[in-house]
Amino acid sequence: MIDVLAAVCLLGGSFLSFAAGMGLTRFPDLLSRMHTATKPQVLGLLLMMVGLALRLGNGPILSMLVLVALFQMLTSPVDAHMVARAGYRTGKVRNDLLVVDELTRDLEAARAAAGEQEDDAEPDDEEPAAGT
Amino acid sequence: MSLDPFGVVVVVCAGLLTATALMALLRAERGPSMLDRTIALDILASTIVGAIALEAAWSRRIDTVPILVVLALVGFVGSVTIARFASVEPEGEGRILTREEIAAQESARLAAEDAERVSTDPEDHGGGAQGEVKE
């Protein structure tokens with residue numbers, strides 16, 4: 001019974017991983033590929049960890065598996081954030097594929113406001129406030 | 001060799017993970033920009049974690065679990081580093097040159113080197129070093 005659950009978890013995890021690879025190959029631009037690299041991949045890895053934990057039974061090794069899942073959930077958003085920020089700043093985001101682009105709108109609004117405030121100020125660099 | 005039902009599941013999972021790894025490698029080879037390649041390598045690292053976990057689940061061994069922890073920790077360092085130093089790449093820079101293009105570039109470079117050596121070195125009378133050095 002436990003083994004059946006473990007098998008289902010492993011299969012689900014592998015399938016989500018496969019979906020991530022498929023999206024990586026077929027999606028058109030950087031942001032959508034990044035989406036596949038974070039969401040299905042992390043969920044698939046979590047499912048595989050659950051399957052492995054069910055298969056190994058209880059013991060001190062389970063804390064290590066929890067650690068793996070924790071690290072994955074901790075590092076994946078950092079990774080995605082950095083890649084997205086670098087991609088936006090170096091112009092690899094395809095604007096024609098975006099449904100809504102609040103960052104560009106806000107940046108333009110901020111730039112216009114700054115320009116009104118002090119006219120003689122030099123125009124700032126590209127994106128002064130995109131991320132941290 | 002006959003497989004128990006769990007063995008069949010493991011084989012199917014291994015096939016899916018192999019396909020994922022191959023597609024990630026395809027994207028890493030083809031990806032137009034450096035960031036696409038880092039994403040692909042990220043997915044490849046996660047796939048390796050999944051494969052090791054699958055093997056551990058198949059043979060019920062626990063000595064490979066520390067490898068999972070290490071891979072989950074350091075897997076993202078590469079992409080974060082590259083993303084930190086990403087810059088605007090010129091168009092066409094992110095593809096692998098064909099053999100002919102490399103040969104053309106290489107011969108142009110060699111010709112330029114030769115021309116520079118002839119024009120700057122008064123001792124150069126053409127041709128490389130001949131004979132052998134004795135110790």
# chains A, B, ... in the order shown; residues from 1 in each chain; ligands from 1

$ residues_around --residues "Leu97 of chain A" --least-positions-apart "6" --cutoff "12 Å" --atoms "only C-alpha atoms" --output "list in words"
Phe27, Pro28, Asp29, Leu30, Leu31 and Ser32 of chain A

$ write_last_selection --atoms "N, CA and C atoms" --output "PDB file, in the first residue's frame"
ATOM      1  N   PHE A  27       8.477  26.637 -25.344  1.00  0.00           N
ATOM      2  CA  PHE A  27       7.973  27.981 -25.058  1.00  0.00           C
ATOM      3  C   PHE A  27       8.798  29.037 -25.785  1.00  0.00           C
ATOM      4  N   PRO A  28       8.162  30.163 -26.119  1.00  0.00           N
ATOM      5  CA  PRO A  28       8.808  31.090 -27.056  1.00  0.00           C
ATOM      6  C   PRO A  28       9.821  32.051 -26.450  1.00  0.00           C
ATOM      7  N   ASP A  29       9.690  32.429 -25.183  1.00  0.00           N
ATOM      8  CA  ASP A  29      10.634  33.452 -24.719  1.00  0.00           C
ATOM      9  C   ASP A  29      11.113  33.161 -23.306  1.00  0.00           C
ATOM     10  N   LEU A  30      11.993  34.038 -22.834  1.00  0.00           N
ATOM     11  CA  LEU A  30      12.716  33.782 -21.590  1.00  0.00           C
ATOM     12  C   LEU A  30      11.785  33.642 -20.393  1.00  0.00           C
ATOM     13  N   LEU A  31      10.781  34.533 -20.287  1.00  0.00           N
ATOM     14  CA  LEU A  31       9.964  34.523 -19.079  1.00  0.00           C
ATOM     15  C   LEU A  31       9.127  33.256 -18.982  1.00  0.00           C
ATOM     16  N   SER A  32       8.585  32.790 -20.103  1.00  0.00           N
ATOM     17  CA  SER A  32       7.770  31.578 -20.035  1.00  0.00           C
ATOM     18  C   SER A  32       8.648  30.352 -19.759  1.00  0.00           C
TER      19      SER A  32
END

$ interface_residues --of "chain B" --to "chain A" --cutoff "7 Å" --atoms "only C-alpha atoms" --output "number ranges by chain"
B: 6, 9, 13, 16-17, 19-20, 23-24, 27, 35-36, 39, 43, 50, 53, 57, 60, 68-69, 72-73, 76, 79-80, 83-84, 86-88

$ atom_distance --atom1 "atom CA of Glu106 of chain B" --atom2 "atom CA of Glu29 of chain B"
22.5 Å
